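**Q** Contents of protein38.cif (mmCIF, N, CA and C atoms) are given next:
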```
data_model
#
loop_
_atom_site.label_atom_id
_atom_site.label_comp_id
_atom_site.auth_asym_id
_atom_site.auth_seq_id
_atom_site.Cartn_x
_atom_site.Cartn_y
_atom_site.Cartn_z
N MET A 933 125.34 -13.97 68.40
CA MET A 933 124.26 -13.07 68.68
C MET A 933 123.08 -13.89 69.21
N ALA A 934 122.72 -13.61 70.43
CA ALA A 934 121.68 -14.40 71.09
C ALA A 934 120.29 -13.85 70.81
N LEU A 935 119.37 -14.75 70.55
CA LEU A 935 117.96 -14.39 70.40
C LEU A 935 117.38 -14.21 71.80
N LEU A 936 116.91 -13.00 72.11
CA LEU A 936 116.40 -12.70 73.44
C LEU A 936 114.91 -12.94 73.58
N TRP A 937 114.17 -12.74 72.48
CA TRP A 937 112.71 -12.89 72.51
C TRP A 937 112.20 -13.07 71.10
N GLN A 938 111.14 -13.85 70.98
CA GLN A 938 110.45 -13.94 69.70
C GLN A 938 108.99 -14.27 69.96
N ASP A 939 108.15 -13.81 69.08
CA ASP A 939 106.72 -14.05 69.19
C ASP A 939 106.11 -13.85 67.81
N ARG A 940 104.86 -14.20 67.68
CA ARG A 940 104.11 -13.98 66.45
C ARG A 940 103.04 -12.94 66.70
N LYS A 941 102.69 -12.24 65.64
CA LYS A 941 101.53 -11.37 65.68
C LYS A 941 100.32 -12.27 65.89
N ARG A 942 99.44 -11.87 66.76
CA ARG A 942 98.28 -12.70 67.09
C ARG A 942 97.01 -12.06 66.55
N ILE A 943 96.01 -12.92 66.33
CA ILE A 943 94.72 -12.41 65.86
C ILE A 943 93.62 -12.87 66.81
N VAL A 944 92.58 -13.43 66.32
CA VAL A 944 91.39 -13.80 67.08
C VAL A 944 91.73 -14.60 68.33
N PHE A 945 91.22 -14.15 69.45
CA PHE A 945 91.38 -14.81 70.75
C PHE A 945 92.85 -14.97 71.15
N GLY A 946 93.71 -14.16 70.60
CA GLY A 946 95.12 -14.20 70.97
C GLY A 946 95.89 -15.37 70.37
N LEU A 947 95.33 -16.00 69.35
CA LEU A 947 96.01 -17.14 68.73
C LEU A 947 96.97 -16.67 67.64
N PRO A 948 98.16 -17.29 67.57
CA PRO A 948 99.19 -16.84 66.61
C PRO A 948 99.00 -17.41 65.20
N TRP A 949 97.87 -17.10 64.56
CA TRP A 949 97.58 -17.61 63.23
C TRP A 949 97.95 -16.62 62.15
N THR A 950 99.12 -16.07 62.22
CA THR A 950 99.57 -15.13 61.19
C THR A 950 100.97 -15.55 60.73
N PHE A 951 101.41 -14.90 59.69
CA PHE A 951 102.75 -15.17 59.17
C PHE A 951 103.71 -14.03 59.46
N THR A 952 103.49 -13.34 60.58
CA THR A 952 104.37 -12.27 61.01
C THR A 952 105.06 -12.70 62.30
N LYS A 953 106.38 -12.71 62.26
CA LYS A 953 107.18 -13.09 63.44
C LYS A 953 108.05 -11.91 63.84
N TYR A 954 108.20 -11.72 65.14
CA TYR A 954 109.07 -10.68 65.68
C TYR A 954 110.21 -11.35 66.42
N LYS A 955 111.43 -10.81 66.24
CA LYS A 955 112.61 -11.36 66.91
C LYS A 955 113.45 -10.22 67.45
N LEU A 956 113.85 -10.35 68.72
CA LEU A 956 114.70 -9.35 69.35
C LEU A 956 116.05 -9.99 69.69
N TYR A 957 117.11 -9.37 69.19
CA TYR A 957 118.48 -9.79 69.48
C TYR A 957 119.15 -8.70 70.31
N ASP A 958 120.39 -8.90 70.69
CA ASP A 958 121.12 -7.91 71.49
C ASP A 958 121.24 -6.56 70.80
N ASP A 959 121.37 -6.57 69.49
CA ASP A 959 121.64 -5.31 68.78
C ASP A 959 120.69 -4.99 67.64
N LYS A 960 119.68 -5.84 67.41
CA LYS A 960 118.74 -5.57 66.32
C LYS A 960 117.37 -6.17 66.60
N PHE A 961 116.39 -5.66 65.86
CA PHE A 961 115.02 -6.16 65.93
C PHE A 961 114.63 -6.57 64.53
N GLN A 962 114.02 -7.75 64.37
CA GLN A 962 113.62 -8.23 63.06
C GLN A 962 112.12 -8.45 63.00
N ILE A 963 111.56 -8.10 61.84
CA ILE A 963 110.16 -8.39 61.54
C ILE A 963 110.16 -9.27 60.30
N CYS A 964 109.69 -10.48 60.44
CA CYS A 964 109.66 -11.44 59.33
C CYS A 964 108.19 -11.65 58.94
N THR A 965 107.87 -11.41 57.67
CA THR A 965 106.50 -11.57 57.20
C THR A 965 106.46 -12.45 55.97
N GLY A 966 105.29 -13.05 55.76
CA GLY A 966 105.07 -13.83 54.54
C GLY A 966 105.09 -15.32 54.77
N PHE A 967 104.58 -16.03 53.75
CA PHE A 967 104.55 -17.49 53.80
C PHE A 967 105.29 -18.05 52.58
N LEU A 968 104.80 -17.81 51.39
CA LEU A 968 105.49 -18.26 50.19
C LEU A 968 106.58 -17.27 49.81
N SER A 969 106.22 -16.01 49.74
CA SER A 969 107.21 -14.95 49.55
C SER A 969 107.42 -14.32 50.92
N THR A 970 108.66 -14.18 51.31
CA THR A 970 108.93 -13.66 52.64
C THR A 970 109.71 -12.35 52.57
N LYS A 971 109.61 -11.60 53.65
CA LYS A 971 110.32 -10.33 53.76
C LYS A 971 110.85 -10.24 55.19
N GLU A 972 112.11 -9.84 55.34
CA GLU A 972 112.71 -9.62 56.66
C GLU A 972 113.18 -8.18 56.76
N GLU A 973 112.61 -7.46 57.72
CA GLU A 973 113.05 -6.10 57.99
C GLU A 973 113.92 -6.14 59.24
N GLU A 974 115.02 -5.40 59.20
CA GLU A 974 115.95 -5.37 60.32
C GLU A 974 116.16 -3.92 60.75
N ILE A 975 115.96 -3.67 62.03
CA ILE A 975 116.16 -2.33 62.58
C ILE A 975 117.21 -2.44 63.68
N ARG A 976 118.27 -1.68 63.55
CA ARG A 976 119.31 -1.64 64.59
C ARG A 976 118.74 -0.94 65.81
N LEU A 977 118.95 -1.51 66.98
CA LEU A 977 118.35 -0.99 68.21
C LEU A 977 118.77 0.44 68.52
N TYR A 978 120.02 0.80 68.20
CA TYR A 978 120.47 2.14 68.54
C TYR A 978 119.72 3.22 67.74
N ARG A 979 119.00 2.82 66.69
CA ARG A 979 118.24 3.77 65.87
C ARG A 979 116.83 4.02 66.42
N ILE A 980 116.39 3.22 67.37
CA ILE A 980 115.05 3.38 67.93
C ILE A 980 115.02 4.61 68.83
N MET A 981 114.03 5.47 68.58
CA MET A 981 113.93 6.73 69.29
C MET A 981 112.80 6.76 70.33
N ASP A 982 111.68 6.07 70.06
CA ASP A 982 110.53 6.18 70.93
C ASP A 982 109.71 4.90 70.92
N LEU A 983 109.21 4.51 72.09
CA LEU A 983 108.36 3.34 72.24
C LEU A 983 107.06 3.75 72.92
N THR A 984 105.94 3.30 72.40
CA THR A 984 104.64 3.57 73.01
C THR A 984 103.86 2.27 73.09
N LEU A 985 103.35 1.96 74.27
CA LEU A 985 102.56 0.75 74.47
C LEU A 985 101.08 1.11 74.41
N GLN A 986 100.34 0.36 73.61
CA GLN A 986 98.91 0.59 73.46
C GLN A 986 98.18 -0.72 73.67
N LYS A 987 97.09 -0.66 74.46
CA LYS A 987 96.27 -1.85 74.70
C LYS A 987 94.80 -1.47 74.52
N THR A 988 94.17 -2.04 73.52
CA THR A 988 92.74 -1.82 73.34
C THR A 988 92.01 -2.70 74.35
N PHE A 989 90.72 -2.47 74.48
CA PHE A 989 89.93 -3.28 75.41
C PHE A 989 90.01 -4.76 75.04
N GLY A 990 89.87 -5.06 73.75
CA GLY A 990 89.94 -6.45 73.29
C GLY A 990 91.31 -7.07 73.57
N GLN A 991 92.37 -6.31 73.36
CA GLN A 991 93.71 -6.82 73.65
C GLN A 991 93.86 -7.10 75.15
N ARG A 992 93.35 -6.21 75.96
CA ARG A 992 93.46 -6.39 77.41
C ARG A 992 92.74 -7.66 77.87
N LEU A 993 91.63 -8.00 77.23
CA LEU A 993 90.89 -9.21 77.59
C LEU A 993 91.75 -10.47 77.40
N PHE A 994 92.61 -10.43 76.38
CA PHE A 994 93.42 -11.60 76.07
C PHE A 994 94.88 -11.45 76.47
N GLY A 995 95.22 -10.41 77.24
CA GLY A 995 96.59 -10.22 77.71
C GLY A 995 97.57 -9.82 76.61
N LEU A 996 97.07 -9.10 75.61
CA LEU A 996 97.90 -8.70 74.48
C LEU A 996 98.10 -7.19 74.47
N GLY A 997 98.96 -6.71 73.60
CA GLY A 997 99.18 -5.29 73.43
C GLY A 997 99.98 -5.04 72.16
N THR A 998 100.09 -3.77 71.79
CA THR A 998 100.84 -3.36 70.61
C THR A 998 101.85 -2.30 71.02
N ILE A 999 103.09 -2.49 70.61
CA ILE A 999 104.14 -1.51 70.88
C ILE A 999 104.38 -0.74 69.59
N LYS A 1000 104.19 0.59 69.66
CA LYS A 1000 104.44 1.44 68.51
C LYS A 1000 105.86 1.99 68.64
N VAL A 1001 106.63 1.87 67.56
CA VAL A 1001 108.05 2.23 67.58
C VAL A 1001 108.34 3.29 66.54
N LYS A 1002 109.08 4.32 66.95
CA LYS A 1002 109.58 5.33 66.01
C LYS A 1002 111.10 5.21 66.01
N SER A 1003 111.66 5.20 64.81
CA SER A 1003 113.10 5.01 64.70
C SER A 1003 113.70 6.01 63.73
N ALA A 1004 115.02 6.07 63.74
CA ALA A 1004 115.76 6.91 62.80
C ALA A 1004 116.16 6.11 61.57
N ASP A 1005 115.62 4.92 61.42
CA ASP A 1005 115.90 4.07 60.27
C ASP A 1005 115.19 4.63 59.05
N LYS A 1006 115.88 4.77 57.93
CA LYS A 1006 115.29 5.39 56.74
C LYS A 1006 114.23 4.52 56.08
N THR A 1007 114.43 3.21 56.06
CA THR A 1007 113.46 2.34 55.40
C THR A 1007 112.28 1.99 56.29
N THR A 1008 112.46 2.06 57.60
CA THR A 1008 111.39 1.73 58.53
C THR A 1008 111.34 2.76 59.65
N PRO A 1009 110.86 3.97 59.36
CA PRO A 1009 110.86 5.00 60.40
C PRO A 1009 109.83 4.76 61.50
N GLU A 1010 108.76 4.06 61.19
CA GLU A 1010 107.74 3.71 62.17
C GLU A 1010 107.25 2.31 61.90
N PHE A 1011 107.04 1.56 62.96
CA PHE A 1011 106.46 0.23 62.82
C PHE A 1011 105.76 -0.16 64.11
N GLU A 1012 104.95 -1.20 64.04
CA GLU A 1012 104.22 -1.68 65.20
C GLU A 1012 104.54 -3.13 65.45
N ILE A 1013 104.69 -3.46 66.70
CA ILE A 1013 104.83 -4.85 67.13
C ILE A 1013 103.44 -5.21 67.65
N LYS A 1014 102.63 -5.80 66.79
CA LYS A 1014 101.20 -5.93 67.02
C LYS A 1014 100.81 -7.20 67.77
N ASN A 1015 99.85 -7.02 68.66
CA ASN A 1015 99.17 -8.13 69.33
C ASN A 1015 100.12 -9.19 69.88
N ILE A 1016 101.01 -8.76 70.77
CA ILE A 1016 101.95 -9.70 71.38
C ILE A 1016 101.59 -9.96 72.84
N LYS A 1017 102.01 -11.12 73.33
CA LYS A 1017 101.80 -11.47 74.73
C LYS A 1017 102.81 -10.72 75.60
N LYS A 1018 102.42 -10.44 76.83
CA LYS A 1018 103.26 -9.76 77.82
C LYS A 1018 103.89 -8.47 77.26
N PRO A 1019 103.07 -7.58 76.70
CA PRO A 1019 103.62 -6.38 76.05
C PRO A 1019 104.37 -5.46 77.00
N ASP A 1020 103.96 -5.38 78.28
CA ASP A 1020 104.66 -4.53 79.25
C ASP A 1020 106.10 -5.00 79.43
N LYS A 1021 106.24 -6.30 79.60
CA LYS A 1021 107.56 -6.90 79.81
C LYS A 1021 108.44 -6.72 78.57
N ILE A 1022 107.86 -6.90 77.40
CA ILE A 1022 108.62 -6.79 76.15
C ILE A 1022 109.02 -5.34 75.90
N ARG A 1023 108.13 -4.40 76.18
CA ARG A 1023 108.48 -2.98 76.02
C ARG A 1023 109.65 -2.62 76.93
N ASP A 1024 109.62 -3.08 78.18
CA ASP A 1024 110.71 -2.79 79.11
C ASP A 1024 112.02 -3.43 78.65
N LEU A 1025 111.95 -4.69 78.19
CA LEU A 1025 113.14 -5.38 77.68
C LEU A 1025 113.70 -4.63 76.47
N LEU A 1026 112.83 -4.26 75.54
CA LEU A 1026 113.26 -3.55 74.35
C LEU A 1026 113.87 -2.20 74.71
N SER A 1027 113.25 -1.49 75.63
CA SER A 1027 113.76 -0.19 76.06
C SER A 1027 115.16 -0.31 76.67
N ASP A 1028 115.35 -1.32 77.52
CA ASP A 1028 116.67 -1.55 78.13
C ASP A 1028 117.71 -1.88 77.06
N LYS A 1029 117.35 -2.71 76.10
CA LYS A 1029 118.30 -3.10 75.04
C LYS A 1029 118.62 -1.92 74.12
N VAL A 1030 117.64 -1.05 73.89
CA VAL A 1030 117.87 0.14 73.08
C VAL A 1030 118.88 1.04 73.78
N GLU A 1031 118.70 1.27 75.07
CA GLU A 1031 119.63 2.11 75.82
C GLU A 1031 121.03 1.52 75.83
N THR A 1032 121.14 0.22 75.99
CA THR A 1032 122.45 -0.44 75.97
C THR A 1032 123.10 -0.30 74.60
N ALA A 1033 122.33 -0.51 73.53
CA ALA A 1033 122.86 -0.40 72.17
C ALA A 1033 123.30 1.03 71.87
N ARG A 1034 122.53 2.01 72.34
CA ARG A 1034 122.89 3.42 72.11
C ARG A 1034 124.18 3.76 72.85
N ARG A 1035 124.30 3.25 74.07
CA ARG A 1035 125.52 3.49 74.85
C ARG A 1035 126.72 2.81 74.19
N ASN A 1036 126.56 1.57 73.76
CA ASN A 1036 127.65 0.82 73.12
C ASN A 1036 128.10 1.45 71.80
N ASN A 1037 127.16 2.07 71.08
CA ASN A 1037 127.48 2.70 69.79
C ASN A 1037 127.76 4.19 69.94
N ARG A 1038 127.79 4.64 71.18
CA ARG A 1038 128.05 6.05 71.49
C ARG A 1038 127.11 6.99 70.73
N VAL A 1039 125.84 6.63 70.76
CA VAL A 1039 124.80 7.43 70.12
C VAL A 1039 124.05 8.16 71.21
N SER A 1040 123.91 9.47 71.04
CA SER A 1040 123.14 10.23 72.02
C SER A 1040 121.91 10.79 71.34
N GLY A 1041 120.80 10.72 72.03
CA GLY A 1041 119.56 11.27 71.49
C GLY A 1041 119.51 12.75 71.79
N ARG A 1042 119.20 13.52 70.80
CA ARG A 1042 119.10 14.96 70.99
C ARG A 1042 117.75 15.42 70.50
N GLU A 1043 117.10 16.17 71.33
CA GLU A 1043 115.83 16.75 70.95
C GLU A 1043 116.05 18.22 70.67
N TYR A 1044 115.58 18.66 69.55
CA TYR A 1044 115.75 20.05 69.16
C TYR A 1044 114.46 20.81 69.39
N MET A 1045 114.61 21.96 69.95
CA MET A 1045 113.46 22.82 70.16
C MET A 1045 113.42 23.83 69.03
N VAL A 1046 112.27 23.98 68.44
CA VAL A 1046 112.10 24.95 67.37
C VAL A 1046 111.48 26.20 67.99
N SER A 1047 112.16 27.30 67.83
CA SER A 1047 111.60 28.53 68.38
C SER A 1047 110.72 29.18 67.34
N GLU A 1048 109.57 29.62 67.78
CA GLU A 1048 108.65 30.31 66.89
C GLU A 1048 108.92 31.79 66.98
N PRO A 1049 108.74 32.50 65.89
CA PRO A 1049 108.97 33.94 65.93
C PRO A 1049 108.04 34.60 66.93
N ASP A 1050 108.55 35.60 67.60
CA ASP A 1050 107.79 36.34 68.59
C ASP A 1050 106.74 37.19 67.89
N SER A 1051 105.49 37.00 68.26
CA SER A 1051 104.41 37.75 67.61
C SER A 1051 104.38 39.20 68.05
N ASP A 1052 105.07 39.56 69.13
CA ASP A 1052 105.11 40.93 69.62
C ASP A 1052 106.34 41.68 69.12
N ASP A 1053 106.98 41.18 68.10
CA ASP A 1053 108.21 41.79 67.58
C ASP A 1053 107.88 43.16 66.98
N ASP A 1054 108.61 44.19 67.40
CA ASP A 1054 108.35 45.56 66.95
C ASP A 1054 108.67 45.78 65.49
N ASP A 1055 109.55 44.94 64.90
CA ASP A 1055 109.92 45.11 63.50
C ASP A 1055 108.79 44.73 62.56
N ASP A 1056 107.85 43.95 63.06
CA ASP A 1056 106.78 43.47 62.20
C ASP A 1056 105.55 44.38 62.23
N ASN A 1057 105.63 45.49 62.92
CA ASN A 1057 104.46 46.36 63.02
C ASN A 1057 104.19 47.03 61.67
N ASP A 1058 102.95 47.04 61.30
CA ASP A 1058 102.53 47.70 60.07
C ASP A 1058 101.72 48.94 60.40
N TRP A 1059 101.93 49.51 61.57
CA TRP A 1059 101.17 50.69 61.96
C TRP A 1059 101.65 51.91 61.19
N ASN A 1060 100.77 52.63 60.67
CA ASN A 1060 101.12 53.89 59.97
C ASN A 1060 100.28 55.02 60.49
#
```
Show the structure stored in the file as structure tokens.
**A**
Amino acid sequence: MALLWQDRKRIVFGLPWTFTKYKLYDDKFQICTGFLSTKEEEIRLYRIMDLTLQKTFGQRLFGLGTIKVKSADKTTPEFEIKNIKKPDKIRDLLSDKVETARRNNRVSGREYMVSEPDSDDDDDNDWN
């Protein structure tokens, strides 16, 4: 399993002075946090449902951005890949890998439309 990309969460002036690391592989995404006590979260790429790129003014000054991710993973339904370099490129890479993983695992995304009851329904009239 090849490591495709890795970076650290960045803080002041875009410097990587944090203990949060992000790693992208062919079939999974990892978030590693901590220094003395560590935690590794793993999200399978085929479970990722939505990606949103956000860049604040301060992030734009330093060439950084945050990718907000929504997934079907029960333990990590939403997470952020915060303050990373080249966020446009990483979002596109992640999106391509998600599509490949979904195709390889034969997972199809389905959006369900919820129909609201018709407010003009004659059965609901209370006219007397």
**Q** Find the residues around stretch 1025-1032 of chain A up to 6.5 Å (all atoms listed in the file counted), leave out those fewer than 4 positions away in its own chain, and share them as a list of chain:residue names.
**A**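 Residues near the query, excluding close chain neighbours: A:Asp958, A:Leu977, A:Tyr978, A:Asp1020, A:Lys1021, A:Asn1036, A:Asn1037.
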**Q** Starting from the shown file, work through the PyMOL selection byres (((chain A and resi 1006 and name CA) around 12) and name CA) and note down what comes out as a PDB file with N, CA and C atoms, in the frame of the given file.
**A**
```pdb
ATOM      1  N   GLU A 973     112.610  -7.460  57.720  1.00  0.00           N
ATOM      2  CA  GLU A 973     113.050  -6.100  57.990  1.00  0.00           C
ATOM      3  C   GLU A 973     113.920  -6.140  59.240  1.00  0.00           C
ATOM      4  N   GLU A 974     115.020  -5.400  59.200  1.00  0.00           N
ATOM      5  CA  GLU A 974     115.950  -5.370  60.320  1.00  0.00           C
ATOM      6  C   GLU A 974     116.160  -3.920  60.750  1.00  0.00           C
ATOM      7  N   ILE A 975     115.960  -3.670  62.030  1.00  0.00           N
ATOM      8  CA  ILE A 975     116.160  -2.330  62.580  1.00  0.00           C
ATOM      9  C   ILE A 975     117.210  -2.440  63.680  1.00  0.00           C
ATOM     10  N   ARG A 976     118.270  -1.680  63.550  1.00  0.00           N
ATOM     11  CA  ARG A 976     119.310  -1.640  64.590  1.00  0.00           C
ATOM     12  C   ARG A 976     118.740  -0.940  65.810  1.00  0.00           C
ATOM     13  N   ARG A 979     119.000   2.820  66.690  1.00  0.00           N
ATOM     14  CA  ARG A 979     118.240   3.770  65.870  1.00  0.00           C
ATOM     15  C   ARG A 979     116.830   4.020  66.420  1.00  0.00           C
ATOM     16  N   ILE A 980     116.390   3.220  67.370  1.00  0.00           N
ATOM     17  CA  ILE A 980     115.050   3.380  67.930  1.00  0.00           C
ATOM     18  C   ILE A 980     115.020   4.610  68.830  1.00  0.00           C
ATOM     19  N   LYS A1002     109.080   4.320  66.950  1.00  0.00           N
ATOM     20  CA  LYS A1002     109.580   5.330  66.010  1.00  0.00           C
ATOM     21  C   LYS A1002     111.100   5.210  66.010  1.00  0.00           C
ATOM     22  N   SER A1003     111.660   5.200  64.810  1.00  0.00           N
ATOM     23  CA  SER A1003     113.100   5.010  64.700  1.00  0.00           C
ATOM     24  C   SER A1003     113.700   6.010  63.730  1.00  0.00           C
ATOM     25  N   ALA A1004     115.020   6.070  63.740  1.00  0.00           N
ATOM     26  CA  ALA A1004     115.760   6.910  62.800  1.00  0.00           C
ATOM     27  C   ALA A1004     116.160   6.110  61.570  1.00  0.00           C
ATOM     28  N   ASP A1005     115.620   4.920  61.420  1.00  0.00           N
ATOM     29  CA  ASP A1005     115.900   4.070  60.270  1.00  0.00           C
ATOM     30  C   ASP A1005     115.190   4.630  59.050  1.00  0.00           C
ATOM     31  N   THR A1007     114.430   3.210  56.060  1.00  0.00           N
ATOM     32  CA  THR A1007     113.460   2.340  55.400  1.00  0.00           C
ATOM     33  C   THR A1007     112.280   1.990  56.290  1.00  0.00           C
ATOM     34  N   THR A1008     112.460   2.060  57.600  1.00  0.00           N
ATOM     35  CA  THR A1008     111.390   1.730  58.530  1.00  0.00           C
ATOM     36  C   THR A1008     111.340   2.760  59.650  1.00  0.00           C
ATOM     37  N   PRO A1009     110.860   3.970  59.360  1.00  0.00           N
ATOM     38  CA  PRO A1009     110.860   5.000  60.400  1.00  0.00           C
ATOM     39  C   PRO A1009     109.830   4.760  61.500  1.00  0.00           C
ATOM     40  N   GLU A1010     108.760   4.060  61.190  1.00  0.00           N
ATOM     41  CA  GLU A1010     107.740   3.710  62.170  1.00  0.00           C
ATOM     42  C   GLU A1010     107.250   2.310  61.900  1.00  0.00           C
ATOM     43  N   PHE A1011     107.040   1.560  62.960  1.00  0.00           N
ATOM     44  CA  PHE A1011     106.460   0.230  62.820  1.00  0.00           C
ATOM     45  C   PHE A1011     105.760  -0.160  64.110  1.00  0.00           C
TER      46      PHE A1011
END
```
**Q** Applied to the shown file, which residues does the PyMOL selection byres ((chain A and resi 940-947) around 7) return, written as a PyMOL selection string?
**A** chain A and resi 938-939+948-954+994+1013-1017
**Q** Between atom C of A:Leu956 and atom C of A:Leu936, what is the spacing in Å?
**A**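 So the answer is 5.0 Å.
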**Q** Based on DSSP run over this structure's backbone, return all residues of chain A in alpha helix (DSSP H), as number ranges by chain.
**A** A: 989-993, 1019-1036
**Q** Between atom C of A:Leu983 and atom C of A:Val1001, what is the distance in Å, rounded to a tenth?
**A**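 For atom C of A:Leu983 relative to atom C of A:Val1001, the distance reads 6.5 Å.
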**Q** Provide the atom CA of A:Gln991 to atom C of A:Glu1012 distance in Å, to one decimal place.
**A**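 Computing it gives 14.1 Å between the two atoms.
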**Q** Can you list, as a PyMOL selection string, every residue of chain A that DSSP puts in strand (DSSP E or B)?
**A** chain A and resi 935-940+952-957+960-966+970-976+980-986+996-1003+1010-1017
